[in-house]
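S.K.: Have a look at this one before I ask anything.
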Amino acid sequence: MELIPAAVEAFSEKYTTQESALMHQLNRETHLKVELPHMLSGQVQGQFLSMVSHMIRPTRILELGTYTGYSAICLAAGLTAGGLLHTVDINEELETLCQQYFEASGNAHRIKMHIGKAADIIIQLDEVFDLVFIDADKAGYEHYYDLVWDKLRPGGFILADNVLYHGQVLAPEAEQGRQAKAMIRFCEKVLADDRAEQVLLTIRDGLLMIRKK
Ligand SMILES: C[S@@+](CC[C@H](N)C(=O)[O-])C[C@H]1O[C@@H](n2cnc3c(N)ncnc32)[C@H](O)[C@@H]1O
């Protein structure tokens, strides 16, 4: 399902800061060489993540789901001096490409990539996060929310991607796939959580922005 009309998307892309040459190259290389390139955040969402990071000025960021590193580079842009972004992906084949682009971004020293299952890595991290970006397997979102909650500082933010799941969340239940159902369960869980306030942004595939009260 087309969530955002193509003309609106094009208008949004036109009036959003353009990708740097490096991010354009990463976008192109991902499309040419890596499976499922639609997973990459892209220009508008990438710029939004960078803006959020610049607004918060985080010292610690956690990202679940690195893929080819596009969103990690955008998020790392707003880190304070001495800040660090931990990013986790289960797919070790992505690591070399990610590291190459982290180096080229000039922020490799602020990005630590972990290879493994998100749930296993989260519990190993002894950190207090200002910002968490959840963008790994959709079935895991509820669990990741529970695992990161106590590691998120009061006033900290969680951004969860793909909560509209290509519009499938709007389809009759019988036509929803497993992932769309997981996104609805996740949104319901956050909605019922008095410790949080949230806004669902209809950017790209839907971003749920959550603040820990
Ligand atoms: C949607 S992509 C991430 C896109 C990236 N954040 C961006 O915006 O460019 C999801 C990634 O999650 C990873 N993934 C899937 N299941 C995972 C798990 N259990 N733990 C960690 N990473 C996982 C996949 O290998 C994939 O690279």
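Every chain in the structure tokens takes a letter, A first, then B, and so on in the order presented; its residues are numbered from 1, and the ligands are numbered from 1 following the presented order.
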Name the residues of segment 92-203 of chain A that come out as strand (DSSP E or B) in a backbone DSSP run; write them as a list of chain:residue names.
M.R.: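 Written out, the strand (DSSP E or B) residues of segment 92-203 of chain A are A:Ile111, A:Lys112, A:Met113, A:His114, A:Ile115, A:Phe129, A:Asp130, A:Leu131, A:Val132, A:Phe133, A:Ile134, A:Leu152, A:Arg153, A:Pro154, A:Gly155, A:Gly156, A:Phe157, A:Ile158, A:Leu159, A:Ala160, A:Asp161, A:Ala196, A:Glu197, A:Gln198, A:Val199, A:Leu200, A:Leu201.
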S.K.: As a ChimeraX atom specification, please: every residue in segment 11-172 of chain A that a backbone DSSP assignment puts in alpha helix (DSSP H).
M.R.: /A:11-14,21-33,42-56,70-76,95-105,118-124,141-149
S.K.: Save out the residues we just selected, C-alpha atoms, as a compact mmCIF listing (two decimals), in the first residue's frame.
M.R.:
# COMPACT_ATOMS: atom_id res chain seq x y z
CA PHE A 11 7.85 17.45 -2.37
CA SER A 12 9.16 16.36 1.03
CA GLU A 13 12.41 15.11 -0.51
CA LYS A 14 12.85 18.32 -2.49
CA ALA A 21 27.87 12.69 -1.25
CA LEU A 22 28.84 9.97 1.26
CA MET A 23 25.26 9.12 2.25
CA HIS A 24 24.22 9.15 -1.42
CA GLN A 25 27.02 6.67 -2.14
CA LEU A 26 25.98 4.44 0.79
CA ASN A 27 22.37 4.53 -0.40
CA ARG A 28 23.46 3.59 -3.97
CA GLU A 29 25.85 0.87 -2.83
CA THR A 30 23.18 -0.64 -0.59
CA HIS A 31 20.73 -0.73 -3.50
CA LEU A 32 23.31 -2.29 -5.82
CA LYS A 33 24.85 -4.88 -3.49
CA GLY A 42 16.93 7.13 3.30
CA GLN A 43 17.14 10.90 2.88
CA VAL A 44 14.03 12.18 4.70
CA GLN A 45 14.00 9.76 7.64
CA GLY A 46 17.79 9.96 7.88
CA GLN A 47 17.59 13.74 8.11
CA PHE A 48 14.85 13.43 10.73
CA LEU A 49 17.01 11.09 12.84
CA SER A 50 19.92 13.49 12.53
CA MET A 51 17.68 16.42 13.56
CA VAL A 52 16.39 14.54 16.62
CA SER A 53 19.93 13.69 17.61
CA HIS A 54 21.03 17.30 17.19
CA MET A 55 18.08 18.45 19.33
CA ILE A 56 18.74 15.98 22.15
CA TYR A 70 22.83 4.65 7.19
CA SER A 71 20.73 5.49 10.27
CA ALA A 72 23.71 4.97 12.60
CA ILE A 73 25.69 7.65 10.76
CA CYS A 74 22.68 10.02 10.85
CA LEU A 75 22.13 9.46 14.60
CA ALA A 76 25.82 9.77 15.48
CA GLU A 95 30.03 -5.40 9.28
CA THR A 96 32.77 -4.63 6.72
CA LEU A 97 30.56 -2.32 4.66
CA CYS A 98 29.33 -0.55 7.81
CA GLN A 99 32.85 -0.01 9.15
CA GLN A 100 33.99 1.37 5.81
CA TYR A 101 31.24 4.02 5.90
CA PHE A 102 31.64 4.73 9.62
CA GLU A 103 35.29 5.52 8.90
CA ALA A 104 34.41 7.72 5.94
CA SER A 105 31.83 9.61 8.05
CA ALA A 118 19.66 -7.57 19.92
CA ALA A 119 18.24 -9.12 23.11
CA ASP A 120 21.60 -10.72 23.99
CA ILE A 121 23.59 -7.52 23.41
CA ILE A 122 21.22 -5.15 25.25
CA ILE A 123 21.61 -7.01 28.53
CA GLN A 124 25.41 -6.85 28.22
CA TYR A 141 9.99 -4.82 19.53
CA GLU A 142 7.91 -5.50 22.67
CA HIS A 143 10.76 -7.41 24.28
CA TYR A 144 13.35 -4.78 23.30
CA TYR A 145 11.11 -2.07 24.80
CA ASP A 146 11.07 -3.95 28.11
CA LEU A 147 14.81 -4.64 28.00
CA VAL A 148 15.85 -1.04 27.26
CA TRP A 149 13.39 0.71 29.59
S.K.: Measuring between only C-alpha atoms and all ligand atoms, which one of A:Ile4, A:Met39, A:Leu208, A:Cys187 shows the shortest distance to ligand 1?
M.R.: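 So, comparing all the options, the nearest one is A:Met39.
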S.K.: Which chains and residue numbers are within 9 Å of ligand 1, counting only C-alpha atoms and all ligand atoms, if I want them as a PDB file with C-alpha atoms, in the first residue's frame?
M.R.:
ATOM      1  CA  ASN A  27      22.372   4.533  -0.398  1.00  0.00           C
ATOM      2  CA  LEU A  36      16.229  -5.692   0.837  1.00  0.00           C
ATOM      3  CA  PRO A  37      17.511  -2.129   0.240  1.00  0.00           C
ATOM      4  CA  HIS A  38      14.091  -0.673   1.107  1.00  0.00           C
ATOM      5  CA  MET A  39      15.123  -1.250   4.751  1.00  0.00           C
ATOM      6  CA  LEU A  40      17.565   1.670   4.590  1.00  0.00           C
ATOM      7  CA  SER A  41      16.172   4.821   6.245  1.00  0.00           C
ATOM      8  CA  GLY A  42      16.928   7.126   3.301  1.00  0.00           C
ATOM      9  CA  GLN A  45      14.003   9.763   7.638  1.00  0.00           C
ATOM     10  CA  GLY A  46      17.787   9.961   7.882  1.00  0.00           C
ATOM     11  CA  GLU A  63      20.421   1.401  17.799  1.00  0.00           C
ATOM     12  CA  LEU A  64      18.909  -2.042  17.213  1.00  0.00           C
ATOM     13  CA  GLY A  65      19.224  -2.995  13.528  1.00  0.00           C
ATOM     14  CA  THR A  66      22.273  -1.442  11.852  1.00  0.00           C
ATOM     15  CA  TYR A  67      21.772  -2.861   8.346  1.00  0.00           C
ATOM     16  CA  THR A  68      24.286  -0.898   6.200  1.00  0.00           C
ATOM     17  CA  GLY A  69      24.850   1.848   8.771  1.00  0.00           C
ATOM     18  CA  TYR A  70      22.827   4.654   7.186  1.00  0.00           C
ATOM     19  CA  SER A  71      20.728   5.492  10.271  1.00  0.00           C
ATOM     20  CA  ALA A  72      23.710   4.972  12.605  1.00  0.00           C
ATOM     21  CA  THR A  87      24.535  -0.331  17.160  1.00  0.00           C
ATOM     22  CA  VAL A  88      23.534  -3.988  16.965  1.00  0.00           C
ATOM     23  CA  ASP A  89      22.934  -6.285  14.005  1.00  0.00           C
ATOM     24  CA  ILE A  90      22.577 -10.032  13.798  1.00  0.00           C
ATOM     25  CA  ASN A  91      24.056 -10.172  10.280  1.00  0.00           C
ATOM     26  CA  GLU A  92      27.845 -10.334  10.413  1.00  0.00           C
ATOM     27  CA  LEU A  94      27.178  -6.303   6.961  1.00  0.00           C
ATOM     28  CA  HIS A 114      27.964  -5.258  17.953  1.00  0.00           C
ATOM     29  CA  ILE A 115      27.235  -8.420  16.006  1.00  0.00           C
ATOM     30  CA  GLY A 116      24.637 -10.623  17.665  1.00  0.00           C
ATOM     31  CA  LYS A 117      21.015 -10.878  18.664  1.00  0.00           C
ATOM     32  CA  ALA A 118      19.660  -7.568  19.923  1.00  0.00           C
ATOM     33  CA  ALA A 119      18.244  -9.121  23.113  1.00  0.00           C
ATOM     34  CA  ASP A 120      21.605 -10.718  23.991  1.00  0.00           C
ATOM     35  CA  ILE A 121      23.587  -7.523  23.411  1.00  0.00           C
ATOM     36  CA  PHE A 133      16.293   3.577  17.905  1.00  0.00           C
ATOM     37  CA  ILE A 134      14.471   0.249  17.520  1.00  0.00           C
ATOM     38  CA  ASP A 135      14.678  -0.974  13.927  1.00  0.00           C
ATOM     39  CA  ALA A 136      15.465  -4.714  14.098  1.00  0.00           C
ATOM     40  CA  ASP A 137      13.066  -7.696  13.761  1.00  0.00           C
ATOM     41  CA  LYS A 138       9.500  -6.542  14.274  1.00  0.00           C
ATOM     42  CA  ALA A 139       8.509  -9.512  16.452  1.00  0.00           C
ATOM     43  CA  GLY A 140      11.142  -8.412  18.971  1.00  0.00           C
ATOM     44  CA  ASP A 161      10.524   2.324  13.042  1.00  0.00           C
ATOM     45  CA  ASN A 162       8.019   0.664  10.687  1.00  0.00           C
TER      46      ASN A 162
END
S.K.: If I take atom CA of Asp126 of chain A and atom CA of Gln179 of chain A, how far is one from the other in Å, to one decimal?
M.R.: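 Interatomic distance here is 29.8 Å.
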S.K.: Need the shell around segment 192-207 of chain A: protein/DNA/RNA residues with any atom at most 7 Å away, counting only C-alpha atoms. Skip same-chain ones fewer than 2 positions apart. Format as a ChimeraX atom specification?
M.R.: /A:45,159-166,188-190,209-213
